[in-house]
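The file protein23.cif comes next; it holds mmCIF, C-alpha atoms.
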```cif
data_input
loop_
_atom_site.label_atom_id
_atom_site.label_comp_id
_atom_site.auth_asym_id
_atom_site.auth_seq_id
_atom_site.Cartn_x
_atom_site.Cartn_y
_atom_site.Cartn_z
CA MET A 175 110.43 104.90 161.90
CA ILE A 176 112.27 107.66 160.08
CA LYS A 177 111.33 107.95 156.42
CA PRO A 178 114.16 107.11 153.97
CA LYS A 179 114.08 110.63 152.57
CA HIS A 180 114.47 112.14 156.04
CA LYS A 181 117.17 109.62 156.92
CA ASP A 182 119.09 110.77 153.85
CA LEU A 183 118.80 114.38 154.96
CA LEU A 184 119.79 113.45 158.51
CA GLN A 185 122.89 111.68 157.21
CA ARG A 186 123.88 114.73 155.18
CA LEU A 187 123.36 117.02 158.16
CA LEU A 188 125.46 114.71 160.32
CA ALA A 189 128.25 114.71 157.74
CA LEU A 190 128.07 118.50 157.57
CA GLY A 191 128.26 118.62 161.37
CA ILE A 192 131.35 116.41 161.41
CA LEU A 193 133.07 118.62 158.83
CA ALA A 194 132.16 121.78 160.76
CA GLY A 195 133.36 120.18 164.01
CA LEU A 196 136.72 119.20 162.51
CA THR A 197 137.20 122.72 161.16
CA ILE A 198 136.40 124.27 164.55
CA ILE A 199 138.76 121.87 166.37
CA VAL A 200 141.68 122.63 164.04
CA TYR A 201 140.89 126.37 164.29
CA ILE A 202 140.78 126.30 168.10
CA TYR A 203 143.93 124.25 168.44
CA HIS A 204 145.90 126.01 165.75
CA PRO A 205 148.95 127.72 167.25
CA ALA A 206 148.22 130.88 165.26
CA THR A 207 144.77 131.44 166.78
CA PRO A 208 144.62 133.79 169.74
CA TYR A 209 143.11 131.06 171.88
CA LYS A 210 144.61 129.27 174.83
CA MET A 211 145.52 125.67 174.00
CA MET A 212 143.42 123.36 176.06
CA ARG A 213 144.77 120.15 177.45
CA CYS A 214 142.88 116.91 177.10
CA PRO A 215 140.92 116.03 180.27
CA PHE A 216 142.36 112.52 180.19
CA ARG A 217 145.88 113.98 180.38
CA GLU A 218 144.80 116.52 183.00
CA ILE A 219 143.21 113.99 185.32
CA THR A 220 145.47 110.95 184.94
CA GLY A 221 148.72 112.66 183.90
CA LEU A 222 149.19 109.94 181.29
CA TYR A 223 149.59 110.17 177.53
CA CYS A 224 146.82 108.27 175.74
CA PRO A 225 147.43 107.08 172.14
CA GLY A 226 145.58 110.16 170.91
CA CYS A 227 147.73 112.64 172.81
CA GLY A 228 149.31 115.11 170.40
CA SER A 229 147.14 114.01 167.48
CA VAL A 230 145.57 117.41 166.92
CA ARG A 231 148.98 119.12 167.24
CA ALA A 232 150.29 116.57 164.72
CA MET A 233 147.45 117.40 162.33
CA THR A 234 148.00 121.16 162.60
CA GLN A 235 151.69 120.56 161.75
CA LEU A 236 150.79 118.19 158.93
CA VAL A 237 148.50 120.70 157.17
CA GLN A 238 151.47 123.08 157.15
CA GLY A 239 153.66 120.41 155.57
CA ASN A 240 155.88 119.77 158.60
CA LEU A 241 155.87 115.99 158.39
CA LEU A 242 158.74 115.45 160.85
CA ARG A 243 157.25 117.74 163.51
CA ALA A 244 153.90 116.02 163.02
CA ILE A 245 155.49 112.59 163.56
CA ARG A 246 157.21 114.00 166.64
CA HIS A 247 153.79 114.78 168.14
CA ASN A 248 152.02 111.52 167.33
CA VAL A 249 153.31 108.80 164.98
CA PHE A 250 150.04 106.90 165.07
CA ALA A 251 147.92 109.87 164.08
CA VAL A 252 150.22 110.65 161.15
CA ALA A 253 150.10 107.01 160.03
CA PHE A 254 146.30 107.14 159.99
CA SER A 255 146.02 110.65 158.55
CA PRO A 256 145.34 109.33 155.01
CA LEU A 257 142.35 107.51 156.48
CA LEU A 258 141.20 110.73 158.13
CA ALA A 259 141.60 112.58 154.82
CA TRP A 260 139.55 109.83 153.10
CA PHE A 261 136.91 110.15 155.85
CA ILE A 262 136.69 113.92 155.29
CA LEU A 263 136.42 113.38 151.52
CA SER A 264 133.74 110.76 152.07
CA ASN A 265 131.76 113.16 154.24
CA LEU A 266 132.12 115.93 151.65
CA LYS A 267 130.80 113.56 148.99
CA LEU A 268 127.99 112.51 151.35
CA VAL A 269 126.91 116.13 151.80
CA ILE A 270 126.90 116.77 148.04
CA THR A 271 125.68 113.50 146.51
CA GLY A 272 124.02 111.70 149.44
CA SER A 273 126.37 108.70 149.53
CA GLY A 274 129.86 108.35 150.96
CA LEU A 275 133.00 106.63 149.67
CA PRO A 276 133.80 102.94 150.25
CA PHE A 277 136.19 102.27 153.13
CA PRO A 278 138.95 99.67 153.18
CA SER A 279 138.36 96.71 155.43
CA LEU A 280 140.86 94.49 157.21
CA PRO A 281 140.70 90.79 158.09
CA SER A 282 139.81 90.25 161.75
CA ARG A 283 143.33 89.17 162.67
CA ALA A 284 144.72 92.44 161.38
CA ILE A 285 142.16 94.37 163.45
CA TRP A 286 143.19 92.53 166.64
CA GLY A 287 146.82 93.19 165.72
CA LEU A 288 146.07 96.87 165.27
CA LEU A 289 144.36 96.99 168.66
CA ILE A 290 147.37 95.36 170.34
CA LEU A 291 149.68 97.82 168.54
CA LEU A 292 147.53 100.71 169.79
CA LEU A 293 147.65 99.47 173.39
CA LEU A 294 151.40 98.83 173.11
CA PHE A 295 151.84 102.41 171.85
CA ALA A 296 149.84 103.62 174.86
CA VAL A 297 152.07 101.73 177.30
CA LEU A 298 155.39 102.54 175.60
CA ARG A 299 154.87 106.29 175.44
CA ASN A 300 154.25 106.37 179.19
CA LEU A 301 157.29 104.36 180.26
CA PRO A 302 159.94 106.56 181.92
CA ILE A 303 162.70 105.57 179.48
CA ALA A 304 164.64 108.34 177.72
CA GLN A 305 165.01 106.29 174.53
CA LEU A 306 161.22 106.32 174.16
CA ASN A 307 161.01 110.12 174.17
CA PHE A 308 160.29 110.17 170.44
CA LEU A 309 156.92 108.54 171.10
CA ARG A 310 155.78 111.30 173.45
CA PRO A 311 153.98 114.40 172.16
CA MET B 62 139.36 85.19 152.60
CA PRO B 63 137.70 88.56 153.13
CA GLY B 64 136.41 90.47 150.18
CA LEU B 65 136.08 87.44 147.94
CA ASN B 66 132.42 86.63 148.50
CA GLY B 67 129.67 89.10 147.70
CA ASP B 68 128.17 88.87 151.19
CA ASP B 69 131.28 90.39 152.72
CA ARG B 70 130.33 93.94 151.82
CA ARG B 71 126.74 93.66 153.03
CA VAL B 72 127.57 94.13 156.70
CA PRO B 73 129.53 97.29 157.48
CA ASP B 74 132.02 96.79 160.30
CA TYR B 75 132.72 100.47 161.10
CA LEU B 76 136.45 99.74 161.27
CA ALA B 77 137.65 103.01 159.76
CA VAL B 78 135.43 105.18 161.95
CA SER B 79 136.32 103.11 165.04
CA ILE B 80 140.03 103.74 164.51
CA LEU B 81 139.48 107.43 163.84
CA VAL B 82 137.35 108.07 166.93
CA THR B 83 139.88 106.17 169.07
CA ILE B 84 142.84 108.29 167.98
CA PHE B 85 141.17 111.65 167.43
CA CYS B 86 138.07 111.66 169.61
CA CYS B 87 137.65 109.64 172.70
CA LEU B 88 139.92 106.72 173.56
CA PRO B 89 137.80 105.02 176.28
CA PHE B 90 134.82 104.64 173.94
CA GLY B 91 136.89 104.01 170.83
CA ILE B 92 138.53 100.81 172.12
CA PRO B 93 135.22 98.91 172.50
CA ALA B 94 134.30 100.15 169.03
CA ILE B 95 137.43 98.52 167.58
CA VAL B 96 136.81 95.34 169.62
CA TYR B 97 133.23 95.04 168.33
CA SER B 98 134.43 95.83 164.83
CA ALA B 99 136.99 93.00 165.02
CA MET B 100 134.32 90.61 166.39
CA ALA B 101 131.94 91.57 163.59
CA LYS B 102 134.69 90.88 161.07
CA SER B 103 135.51 87.50 162.67
CA LYS B 104 131.87 86.44 162.49
CA LYS B 105 131.60 87.68 158.92
CA GLU B 106 134.60 85.57 157.98
CA ALA B 107 132.99 82.57 159.69
CA GLY B 108 129.79 83.15 157.71
CA ASP B 109 127.69 84.20 160.73
CA PHE B 110 126.10 87.27 159.16
CA ASP B 111 123.38 87.70 161.81
CA GLY B 112 125.98 87.75 164.58
CA ALA B 113 128.17 90.07 162.53
CA GLN B 114 125.24 92.43 162.07
CA LYS B 115 124.69 92.61 165.83
CA ASP B 116 128.36 93.26 166.60
CA ALA B 117 128.61 95.80 163.80
CA LYS B 118 125.63 97.63 165.29
CA GLN B 119 127.38 97.70 168.67
CA ALA B 120 130.55 99.01 167.00
CA GLY B 121 128.49 101.74 165.35
CA ASN B 122 126.86 102.64 168.67
CA TRP B 123 130.25 102.93 170.39
CA CYS B 124 131.45 105.15 167.54
CA VAL B 125 128.48 107.47 168.00
CA ALA B 126 129.01 107.45 171.80
CA ALA B 127 132.70 108.28 171.34
CA CYS B 128 131.85 111.06 168.93
CA ILE B 129 129.26 112.60 171.29
CA ALA B 130 131.57 112.20 174.30
CA GLY B 131 134.34 113.90 172.35
CA ILE B 132 132.12 116.82 171.37
CA ILE B 133 130.77 117.27 174.92
CA THR B 134 134.27 117.12 176.40
CA ILE B 135 135.63 119.66 173.93
CA LEU B 136 132.70 122.01 174.63
CA ILE B 137 133.02 121.73 178.43
CA TRP B 138 136.79 122.08 178.24
CA ALA B 139 136.60 125.05 175.89
CA ILE B 140 134.27 126.87 178.31
CA ALA B 141 136.17 125.82 181.43
CA SER B 142 139.59 126.84 180.15
CA GLN B 143 138.52 130.30 179.01
#
```
Go through the file and emit its structure as C-alpha coordinates.
Amino acid sequence: MIKPKHKDLLQRLLALGILAGLTIIVYIYHPATPYKMMRCPFREITGLYCPGCGSVRAMTQLVQGNLLRAIRHNVFAVAFSPLLAWFILSNLKLVITGSGLPFPSLPSRAIWGLLILLLLFAVLRNLPIAQLNFLRP
Amino acid sequence: MPGLNGDDRRVPDYLAVSILVTIFCCLPFGIPAIVYSAMAKSKKEAGDFDGAQKDAKQAGNWCVAACIAGIITILIWAIASQ
(Lines of atoms letter the chains of each structure in order from A and count residues from 1; the text may use other names and numbers.)
(Lines give C-alpha, C1' and ligand atoms only; values in the text may rest on other atoms or scores of the structure.)
Protein backbone atom coordinates (compact mmCIF):
# COMPACT_ATOMS: atom_id res chain seq x y z
CA MET A 1 0.00 0.00 0.00
CA ILE A 2 1.02 3.60 -0.60
CA LYS A 3 1.92 5.46 2.59
CA PRO A 4 -0.47 8.33 3.49
CA LYS A 5 2.35 10.85 3.17
CA HIS A 6 3.18 9.63 -0.33
CA LYS A 7 -0.49 9.52 -1.26
CA ASP A 8 -0.75 13.18 -0.26
CA LEU A 9 2.20 14.04 -2.47
CA LEU A 10 0.77 11.97 -5.33
CA GLN A 11 -2.53 13.83 -5.06
CA ARG A 12 -0.75 17.17 -5.20
CA LEU A 13 1.29 16.09 -8.22
CA LEU A 14 -1.89 14.90 -9.94
CA ALA A 15 -3.60 18.23 -9.26
CA LEU A 16 -0.54 20.05 -10.60
CA GLY A 17 -0.65 17.84 -13.70
CA ILE A 18 -4.32 18.65 -14.29
CA LEU A 19 -3.64 22.38 -14.01
CA ALA A 20 -0.67 22.13 -16.38
CA GLY A 21 -2.73 20.06 -18.81
CA LEU A 22 -5.58 22.58 -18.84
CA THR A 23 -3.14 25.42 -19.47
CA ILE A 24 -1.51 23.54 -22.36
CA ILE A 25 -4.90 22.69 -23.91
CA VAL A 26 -6.11 26.30 -23.79
CA TYR A 27 -2.72 27.47 -25.16
CA ILE A 28 -2.79 24.97 -28.04
CA TYR A 29 -6.38 25.70 -28.95
CA HIS A 30 -6.20 29.44 -28.52
CA PRO A 31 -6.84 31.19 -31.84
CA ALA A 32 -3.89 33.50 -31.25
CA THR A 33 -1.31 30.71 -31.02
CA PRO A 34 0.53 29.90 -34.22
CA TYR A 35 -0.67 26.32 -34.04
CA LYS A 36 -3.07 24.52 -36.32
CA MET A 37 -6.41 23.87 -34.62
CA MET A 38 -6.92 20.17 -34.28
CA ARG A 39 -10.29 18.58 -34.68
CA CYS A 40 -11.58 16.08 -32.18
CA PRO A 41 -11.10 12.47 -33.34
CA PHE A 42 -14.73 11.71 -32.52
CA ARG A 43 -15.83 14.44 -34.95
CA GLU A 44 -13.24 13.37 -37.52
CA ILE A 45 -14.25 9.71 -37.52
CA THR A 46 -18.02 9.88 -37.05
CA GLY A 47 -18.73 13.34 -38.50
CA LEU A 48 -21.07 13.95 -35.56
CA TYR A 49 -21.06 16.67 -32.92
CA CYS A 50 -20.74 15.18 -29.43
CA PRO A 51 -21.97 17.24 -26.43
CA GLY A 52 -18.38 18.37 -25.86
CA CYS A 53 -17.86 19.68 -29.39
CA GLY A 54 -16.90 23.35 -29.28
CA SER A 55 -16.31 23.33 -25.52
CA VAL A 56 -12.67 24.36 -25.73
CA ARG A 57 -13.51 27.07 -28.30
CA ALA A 58 -16.26 28.22 -25.92
CA MET A 59 -13.76 28.38 -23.06
CA THR A 60 -11.21 30.36 -25.07
CA GLN A 61 -13.99 32.86 -25.92
CA LEU A 62 -15.19 32.94 -22.32
CA VAL A 63 -11.77 33.86 -20.89
CA GLN A 64 -11.80 36.83 -23.27
CA GLY A 65 -15.22 37.88 -21.98
CA ASN A 66 -17.19 37.02 -25.13
CA LEU A 67 -20.10 35.33 -23.41
CA LEU A 68 -22.39 35.28 -26.46
CA ARG A 69 -19.74 33.80 -28.76
CA ALA A 70 -18.94 31.24 -26.09
CA ILE A 71 -22.61 30.21 -25.85
CA ARG A 72 -22.68 30.01 -29.64
CA HIS A 73 -19.94 27.35 -29.51
CA ASN A 74 -21.33 25.20 -26.70
CA VAL A 75 -24.19 26.16 -24.36
CA PHE A 76 -23.59 23.19 -22.10
CA ALA A 77 -19.93 23.95 -21.54
CA VAL A 78 -20.72 27.57 -20.68
CA ALA A 79 -23.43 26.44 -18.25
CA PHE A 80 -20.93 24.21 -16.47
CA SER A 81 -18.00 26.63 -16.66
CA PRO A 82 -18.51 27.81 -13.04
CA LEU A 83 -18.06 24.18 -12.02
CA LEU A 84 -14.87 23.99 -14.08
CA ALA A 85 -13.62 27.20 -12.45
CA TRP A 86 -14.41 25.70 -9.01
CA PHE A 87 -12.56 22.51 -10.03
CA ILE A 88 -9.49 24.55 -11.04
CA LEU A 89 -9.65 26.50 -7.75
CA SER A 90 -10.00 23.24 -5.83
CA ASN A 91 -6.93 21.83 -7.56
CA LEU A 92 -4.96 25.01 -6.86
CA LYS A 93 -5.90 24.73 -3.19
CA LEU A 94 -4.98 21.03 -3.26
CA VAL A 95 -1.51 21.83 -4.59
CA ILE A 96 -0.92 24.49 -1.92
CA THR A 97 -2.64 23.13 1.19
CA GLY A 98 -3.05 19.41 0.44
CA SER A 99 -6.87 19.34 0.49
CA GLY A 100 -9.38 20.42 -2.13
CA LEU A 101 -12.67 22.31 -1.91
CA PRO A 102 -16.04 20.65 -1.22
CA PHE A 103 -18.14 19.99 -4.33
CA PRO A 104 -21.90 20.39 -4.60
CA SER A 105 -23.87 17.19 -4.86
CA LEU A 106 -27.20 16.54 -6.51
CA PRO A 107 -29.99 14.10 -5.60
CA SER A 108 -29.92 11.00 -7.81
CA ARG A 109 -33.02 12.06 -9.75
CA ALA A 110 -31.33 15.29 -10.76
CA ILE A 111 -28.27 13.36 -11.94
CA TRP A 112 -30.41 11.10 -14.15
CA GLY A 113 -32.18 14.21 -15.43
CA LEU A 114 -28.84 15.80 -16.24
CA LEU A 115 -27.75 12.69 -18.12
CA ILE A 116 -30.96 12.70 -20.18
CA LEU A 117 -30.48 16.42 -20.89
CA LEU A 118 -26.91 15.72 -22.03
CA LEU A 119 -28.01 12.93 -24.38
CA LEU A 120 -30.89 15.09 -25.68
CA PHE A 121 -28.37 17.87 -26.38
CA ALA A 122 -26.23 15.34 -28.27
CA VAL A 123 -29.16 14.26 -30.45
CA LEU A 124 -30.59 17.75 -31.04
CA ARG A 125 -27.36 19.33 -32.21
CA ASN A 126 -26.99 16.64 -34.86
CA LEU A 127 -30.49 16.87 -36.31
CA PRO A 128 -30.50 18.50 -39.77
CA ILE A 129 -32.97 21.25 -38.77
CA ALA A 130 -32.01 24.87 -39.46
CA GLN A 131 -33.76 26.11 -36.31
CA LEU A 132 -31.32 24.04 -34.24
CA ASN A 133 -28.26 25.74 -35.71
CA PHE A 134 -27.68 27.66 -32.49
CA LEU A 135 -26.82 24.40 -30.73
CA ARG A 136 -24.01 23.56 -33.16
CA PRO A 137 -20.45 24.76 -32.57
CA MET B 1 -33.35 14.03 1.61
CA PRO B 2 -29.70 14.31 0.60
CA GLY B 3 -27.33 16.30 2.72
CA LEU B 4 -29.43 16.04 5.86
CA ASN B 5 -27.74 13.06 7.50
CA GLY B 6 -24.08 13.07 8.42
CA ASP B 7 -23.38 9.85 6.51
CA ASP B 8 -24.21 11.52 3.21
CA ARG B 9 -20.84 13.22 2.90
CA ARG B 10 -18.81 10.13 3.78
CA VAL B 11 -19.06 8.56 0.34
CA PRO B 12 -17.87 10.79 -2.50
CA ASP B 13 -19.90 10.30 -5.66
CA TYR B 14 -17.51 12.00 -8.14
CA LEU B 15 -20.45 13.82 -9.74
CA ALA B 16 -18.64 17.08 -10.48
CA VAL B 17 -15.61 15.39 -12.02
CA SER B 18 -17.84 13.00 -14.01
CA ILE B 19 -19.69 15.90 -15.61
CA LEU B 20 -16.47 17.76 -16.34
CA VAL B 21 -14.70 14.83 -18.00
CA THR B 22 -17.82 14.12 -20.09
CA ILE B 23 -18.03 17.63 -21.51
CA PHE B 24 -14.36 18.58 -21.68
CA CYS B 25 -12.44 15.32 -21.90
CA CYS B 26 -13.81 12.15 -23.27
CA LEU B 27 -17.52 11.58 -23.83
CA PRO B 28 -17.56 7.76 -24.23
CA PHE B 29 -15.91 7.23 -20.84
CA GLY B 30 -17.64 10.14 -19.14
CA ILE B 31 -21.18 8.80 -19.61
CA PRO B 32 -20.57 5.61 -17.55
CA ALA B 33 -18.94 7.83 -14.93
CA ILE B 34 -22.15 9.87 -14.61
CA VAL B 35 -24.27 6.68 -14.59
CA TYR B 36 -22.21 5.16 -11.77
CA SER B 37 -22.28 8.47 -9.94
CA ALA B 38 -26.09 8.54 -10.14
CA MET B 39 -26.28 4.91 -8.96
CA ALA B 40 -23.97 5.67 -6.04
CA LYS B 41 -26.18 8.60 -5.10
CA SER B 42 -29.36 6.47 -5.35
CA LYS B 43 -27.86 3.85 -3.04
CA LYS B 44 -26.65 6.52 -0.65
CA GLU B 45 -30.17 7.93 -0.47
CA ALA B 46 -31.50 4.43 0.20
CA GLY B 47 -28.99 3.99 3.01
CA ASP B 48 -26.91 1.32 1.24
CA PHE B 49 -23.50 2.81 1.94
CA ASP B 50 -21.50 -0.31 1.00
CA GLY B 51 -23.17 -0.43 -2.42
CA ALA B 52 -22.72 3.31 -2.81
CA GLN B 53 -19.02 2.95 -2.03
CA LYS B 54 -18.62 0.33 -4.77
CA ASP B 55 -20.46 2.41 -7.38
CA ALA B 56 -18.59 5.54 -6.36
CA LYS B 57 -15.32 3.67 -6.86
CA GLN B 58 -16.46 2.65 -10.35
CA ALA B 59 -17.41 6.26 -11.10
CA GLY B 60 -13.95 7.35 -9.96
CA ASN B 61 -12.30 4.70 -12.13
CA TRP B 62 -14.26 5.84 -15.21
CA CYS B 63 -13.24 9.43 -14.47
CA VAL B 64 -9.58 8.45 -14.37
CA ALA B 65 -10.01 6.38 -17.57
CA ALA B 66 -11.69 9.32 -19.31
CA CYS B 67 -8.94 11.65 -18.18
CA ILE B 68 -6.17 9.32 -19.41
CA ALA B 69 -8.01 8.65 -22.69
CA GLY B 70 -8.41 12.39 -23.19
CA ILE B 71 -4.72 13.06 -22.57
CA ILE B 72 -3.59 10.22 -24.87
CA THR B 73 -5.96 11.36 -27.63
CA ILE B 74 -4.80 14.96 -27.40
CA LEU B 75 -1.15 13.86 -27.52
CA ILE B 76 -1.65 11.54 -30.51
CA TRP B 77 -3.76 14.13 -32.30
CA ALA B 78 -1.29 16.92 -31.60
CA ILE B 79 1.53 14.86 -33.12
CA ALA B 80 -0.55 13.55 -36.02
CA SER B 81 -1.89 16.94 -37.07
CA GLN B 82 1.49 18.66 -37.09
Original post:
For this file, the PyMOL selection byres ((chain B) within 9 of (chain A)) selects which residues, as a VMD selection string?
Top reply: chain B and resid 62 to 64 74 to 78 80 to 81 83 to 88 92 95 to 96 98 to 104 106 132 134 to 135 138 to 139 142 to 143
Taking C-alpha atoms for each residue, export the selection above as a short mmCIF file (atom, residue, chain, number, x, y, z; two decimals), keeping the file's coordinate frame.
```
data_model
loop_
_atom_site.label_atom_id
_atom_site.label_comp_id
_atom_site.auth_asym_id
_atom_site.auth_seq_id
_atom_site.Cartn_x
_atom_site.Cartn_y
_atom_site.Cartn_z
CA MET B 62 139.36 85.19 152.60
CA PRO B 63 137.70 88.56 153.13
CA GLY B 64 136.41 90.47 150.18
CA ASP B 74 132.02 96.79 160.30
CA TYR B 75 132.72 100.47 161.10
CA LEU B 76 136.45 99.74 161.27
CA ALA B 77 137.65 103.01 159.76
CA VAL B 78 135.43 105.18 161.95
CA ILE B 80 140.03 103.74 164.51
CA LEU B 81 139.48 107.43 163.84
CA THR B 83 139.88 106.17 169.07
CA ILE B 84 142.84 108.29 167.98
CA PHE B 85 141.17 111.65 167.43
CA CYS B 86 138.07 111.66 169.61
CA CYS B 87 137.65 109.64 172.70
CA LEU B 88 139.92 106.72 173.56
CA ILE B 92 138.53 100.81 172.12
CA ILE B 95 137.43 98.52 167.58
CA VAL B 96 136.81 95.34 169.62
CA SER B 98 134.43 95.83 164.83
CA ALA B 99 136.99 93.00 165.02
CA MET B 100 134.32 90.61 166.39
CA ALA B 101 131.94 91.57 163.59
CA LYS B 102 134.69 90.88 161.07
CA SER B 103 135.51 87.50 162.67
CA LYS B 104 131.87 86.44 162.49
CA GLU B 106 134.60 85.57 157.98
CA ILE B 132 132.12 116.82 171.37
CA THR B 134 134.27 117.12 176.40
CA ILE B 135 135.63 119.66 173.93
CA TRP B 138 136.79 122.08 178.24
CA ALA B 139 136.60 125.05 175.89
CA SER B 142 139.59 126.84 180.15
CA GLN B 143 138.52 130.30 179.01
#
```
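Residues matched by the PyMOL selection byres ((chain A and resi 189) around 12) in this file: Asp182, Leu183, Leu184, Gln185, Arg186, Leu187, Leu188, Leu190, Gly191, Ile192, Leu193, Ala194, Gly195, Leu196, Phe261, Ile262, Leu263, Ser264, Asn265, Leu266, Lys267, Leu268, Val269, Ile270, Thr271, Gly272, Ser273 and Gly274 of chain A.
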Given the PyMOL selection byres ((chain A and resi 236) around 12) and the file above, list the residues it selects as a PDB file with C-alpha atoms, in the frame of the given file.
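Dumped to out_3.pdb:
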```pdb
ATOM      1  CA  VAL A 200     141.680 122.630 164.040  1.00  0.00           C
ATOM      2  CA  HIS A 204     145.900 126.010 165.750  1.00  0.00           C
ATOM      3  CA  GLY A 228     149.310 115.110 170.400  1.00  0.00           C
ATOM      4  CA  SER A 229     147.140 114.010 167.480  1.00  0.00           C
ATOM      5  CA  VAL A 230     145.570 117.410 166.920  1.00  0.00           C
ATOM      6  CA  ARG A 231     148.980 119.120 167.240  1.00  0.00           C
ATOM      7  CA  ALA A 232     150.290 116.570 164.720  1.00  0.00           C
ATOM      8  CA  MET A 233     147.450 117.400 162.330  1.00  0.00           C
ATOM      9  CA  THR A 234     148.000 121.160 162.600  1.00  0.00           C
ATOM     10  CA  GLN A 235     151.690 120.560 161.750  1.00  0.00           C
ATOM     11  CA  VAL A 237     148.500 120.700 157.170  1.00  0.00           C
ATOM     12  CA  GLN A 238     151.470 123.080 157.150  1.00  0.00           C
ATOM     13  CA  GLY A 239     153.660 120.410 155.570  1.00  0.00           C
ATOM     14  CA  ASN A 240     155.880 119.770 158.600  1.00  0.00           C
ATOM     15  CA  LEU A 241     155.870 115.990 158.390  1.00  0.00           C
ATOM     16  CA  LEU A 242     158.740 115.450 160.850  1.00  0.00           C
ATOM     17  CA  ARG A 243     157.250 117.740 163.510  1.00  0.00           C
ATOM     18  CA  ALA A 244     153.900 116.020 163.020  1.00  0.00           C
ATOM     19  CA  ILE A 245     155.490 112.590 163.560  1.00  0.00           C
ATOM     20  CA  ARG A 246     157.210 114.000 166.640  1.00  0.00           C
ATOM     21  CA  HIS A 247     153.790 114.780 168.140  1.00  0.00           C
ATOM     22  CA  ASN A 248     152.020 111.520 167.330  1.00  0.00           C
ATOM     23  CA  VAL A 249     153.310 108.800 164.980  1.00  0.00           C
ATOM     24  CA  ALA A 251     147.920 109.870 164.080  1.00  0.00           C
ATOM     25  CA  VAL A 252     150.220 110.650 161.150  1.00  0.00           C
ATOM     26  CA  ALA A 253     150.100 107.010 160.030  1.00  0.00           C
ATOM     27  CA  PHE A 254     146.300 107.140 159.990  1.00  0.00           C
ATOM     28  CA  SER A 255     146.020 110.650 158.550  1.00  0.00           C
ATOM     29  CA  PRO A 256     145.340 109.330 155.010  1.00  0.00           C
ATOM     30  CA  ALA A 259     141.600 112.580 154.820  1.00  0.00           C
TER      31      ALA A 259
END
```
Original post:
In Å, with one decimal, what is the gap from CA of Trp123 (chain B) to CA of Ala94 (chain B)?
Top reply: 5.1 Å
Subject >> Non-local contacts of Pro93 (chain B) (8 Å; only C-alpha atoms; under 4 positions in same chain excluded) as a list in words >> reply: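 Final neighbour list, sorted by chain and number: Pro89, Tyr97, Ala120 and Trp123 of chain B.
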Original post:
Any idea what the distance is between CA of Ala296 (chain A) and CA of Leu222 (chain A)?
Top reply: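 Distance between the two atoms: 9.0 Å.
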**OP:** Just give me the gap between CA of Ala117 (chain B) and CA of Gly91 (chain B) in Å, one decimal is fine.
**Re:** 13.6 Å
